[in-house]
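So the structure is just underneath, and the comments pick up after that.
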Amino acid sequence: MDMKEVMEQVRKDLRARADSQFSEVYFRLTENKVTSTEIHNALYELLRRNEVVTTGGKWRLTAPEERRRAS
(Lines give C-alpha, C1' and ligand atoms only; values in the text may rest on other atoms or scores of the structure.)
Protein backbone atom coordinates (compact mmCIF):
# COMPACT_ATOMS: atom_id res chain seq x y z
CA MET A 1 0.00 0.00 0.00
CA ASP A 2 1.21 3.52 -0.78
CA MET A 3 2.43 5.68 2.15
CA LYS A 4 -0.03 8.46 1.30
CA GLU A 5 -2.91 5.97 1.39
CA VAL A 6 -1.84 4.66 4.79
CA MET A 7 -1.45 8.18 6.16
CA GLU A 8 -4.93 9.04 4.91
CA GLN A 9 -6.32 5.91 6.58
CA VAL A 10 -4.68 6.97 9.86
CA ARG A 11 -6.15 10.47 9.54
CA LYS A 12 -9.58 9.02 8.73
CA ASP A 13 -9.41 6.70 11.74
CA LEU A 14 -8.33 9.48 14.11
CA ARG A 15 -11.07 11.80 12.80
CA ALA A 16 -13.65 9.12 13.52
CA ARG A 17 -12.17 8.11 16.89
CA ALA A 18 -10.14 10.92 18.42
CA ASP A 19 -8.22 10.25 21.63
CA SER A 20 -7.46 6.63 20.76
CA GLN A 21 -4.62 4.68 22.28
CA PHE A 22 -1.82 3.65 19.91
CA SER A 23 -2.80 -0.01 20.14
CA GLU A 24 -6.41 0.79 19.20
CA VAL A 25 -5.32 2.68 16.09
CA TYR A 26 -2.81 -0.06 15.25
CA PHE A 27 -5.29 -2.93 15.52
CA ARG A 28 -8.03 -1.13 13.58
CA LEU A 29 -5.62 -0.50 10.72
CA THR A 30 -4.20 -4.03 10.69
CA GLU A 31 -7.77 -5.28 10.17
CA ASN A 32 -7.66 -3.39 6.85
CA LYS A 33 -4.62 -5.38 5.67
CA VAL A 34 -2.09 -2.65 6.41
CA THR A 35 1.28 -4.00 7.55
CA SER A 36 2.85 -3.01 10.84
CA THR A 37 5.79 -1.35 9.08
CA GLU A 38 3.46 0.80 6.99
CA ILE A 39 1.53 1.86 10.10
CA HIS A 40 4.67 2.75 12.02
CA ASN A 41 6.08 4.72 9.09
CA ALA A 42 2.81 6.60 8.57
CA LEU A 43 2.48 7.49 12.26
CA TYR A 44 6.11 8.60 12.39
CA GLU A 45 5.60 10.81 9.35
CA LEU A 46 2.41 12.33 10.82
CA LEU A 47 4.25 13.05 14.08
CA ARG A 48 7.16 14.56 12.18
CA ARG A 49 4.76 16.84 10.27
CA ASN A 50 3.02 17.83 13.53
CA GLU A 51 -0.31 16.51 12.26
CA VAL A 52 -0.79 14.23 15.27
CA VAL A 53 -0.54 15.00 18.98
CA THR A 54 -0.10 12.51 21.77
CA THR A 55 -1.20 13.45 25.26
CA GLY A 56 -1.59 10.99 28.05
CA GLY A 57 -1.03 8.09 25.66
CA LYS A 58 -3.95 9.17 23.46
CA TRP A 59 -3.55 10.13 19.83
CA ARG A 60 -5.50 12.79 17.97
CA LEU A 61 -5.15 14.97 14.90
CA THR A 62 -4.06 18.53 15.49
CA ALA A 63 -6.18 21.43 14.36
CA PRO A 64 -4.52 23.50 11.61
CA GLU A 65 -3.98 26.43 13.99
CA GLU A 66 -2.20 24.12 16.47
CA ARG A 67 0.43 23.03 13.96
CA ARG A 68 3.76 24.64 14.24
CA ARG A 69 6.29 25.00 11.50
CA ALA A 70 8.96 22.34 11.48
CA SER A 71 12.43 23.81 11.16
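Labeling convention for the C-alpha coordinates: chains A, B, ... as they appear, residues from 1 per chain, ligands from 1 in order of appearance.
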
Give me, as a ChimeraX atom specification, all polymer residues having an atom no more than 8 Å from region 44-49 of chain A, counting only C-alpha atoms and skipping those fewer than 3 positions away in the same chain. /A:7,40-41,52-53,70

Take the residues from that selection and write them out as an mmCIF file, in the first residue's frame, keeping N, CA and C atoms.
```
data_model
loop_
_atom_site.group_PDB
_atom_site.id
_atom_site.type_symbol
_atom_site.label_atom_id
_atom_site.label_comp_id
_atom_site.auth_asym_id
_atom_site.auth_seq_id
_atom_site.Cartn_x
_atom_site.Cartn_y
_atom_site.Cartn_z
ATOM 1 N N MET A 7 -1.319 6.968 5.365
ATOM 2 C CA MET A 7 -1.453 8.184 6.162
ATOM 3 C C MET A 7 -2.892 8.689 6.133
ATOM 4 N N HIS A 40 3.640 2.038 11.274
ATOM 5 C CA HIS A 40 4.665 2.754 12.024
ATOM 6 C C HIS A 40 5.245 3.911 11.213
ATOM 7 N N ASN A 41 5.525 3.666 9.943
ATOM 8 C CA ASN A 41 6.077 4.724 9.095
ATOM 9 C C ASN A 41 5.091 5.876 8.928
ATOM 10 N N VAL A 52 -0.238 15.069 14.208
ATOM 11 C CA VAL A 52 -0.786 14.234 15.267
ATOM 12 C C VAL A 52 -0.178 14.674 16.589
ATOM 13 N N VAL A 53 -1.000 14.658 17.638
ATOM 14 C CA VAL A 53 -0.541 15.002 18.980
ATOM 15 C C VAL A 53 -0.824 13.822 19.890
ATOM 16 N N ALA A 70 7.781 23.139 11.210
ATOM 17 C CA ALA A 70 8.964 22.341 11.479
ATOM 18 C C ALA A 70 10.177 23.055 10.903
#
```

If you run DSSP on the backbone here, which positions in chain A get strand (DSSP E or B)? Please write them as a list in words. Ser20, Gln21, Val52, Val53, Thr54, Thr55, Lys58, Trp59, Arg60 and Leu61 of chain A

Could you tell me which of A:Tyr26, A:Gln9, A:Ser20, A:Asp2 comes closest to Lys58 (chain A) if we count only C-alpha atoms?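 Closest to Lys58 (chain A), using only C-alpha atoms: A:Ser20.
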
Could you give me, as a PDB file with N, CA and C atoms, in the first residue's frame, the residues within 8 Å of Val34 (chain A), counting only C-alpha atoms and dropping anything in the same chain fewer than 5 positions from it?
```
ATOM      1  N   MET A   1       0.843  -1.170   0.000  1.00  0.00           N
ATOM      2  CA  MET A   1       0.000   0.000   0.000  1.00  0.00           C
ATOM      3  C   MET A   1       0.894   1.242   0.000  1.00  0.00           C
ATOM      4  N   VAL A   6      -1.872   5.074   3.382  1.00  0.00           N
ATOM      5  CA  VAL A   6      -1.838   4.662   4.788  1.00  0.00           C
ATOM      6  C   VAL A   6      -2.004   5.882   5.695  1.00  0.00           C
ATOM      7  N   LEU A  29      -6.231  -0.583  12.050  1.00  0.00           N
ATOM      8  CA  LEU A  29      -5.618  -0.505  10.725  1.00  0.00           C
ATOM      9  C   LEU A  29      -5.121  -1.863  10.228  1.00  0.00           C
ATOM     10  N   ILE A  39       2.185   1.082   9.043  1.00  0.00           N
ATOM     11  CA  ILE A  39       1.525   1.858  10.100  1.00  0.00           C
ATOM     12  C   ILE A  39       2.546   2.671  10.881  1.00  0.00           C
TER      13      ILE A  39
END
```

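For the pair CA of Arg60 (chain A) and CA of Leu14 (chain A), the interatomic distance is 5.8 Å.
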
The residue from A:Lys12, A:Ser23, A:Asn50, A:Ser36 with the smallest atom-to-atom distance to Thr62 (chain A), counting only C-alpha atoms, is A:Asn50

What is the CA of Val10 (chain A) to CA of Pro64 (chain A) distance in Å? 16.6 Å

Find the spatial neighbours of Gly56 (chain A), counting only C-alpha atoms, within a cut-off of 10 Å - ignore same-chain residues fewer than 3 positions away - and output them as a list of chain:residue names.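 My list of contacting residues is A:Asp19, A:Gln21, A:Val53, A:Trp59.
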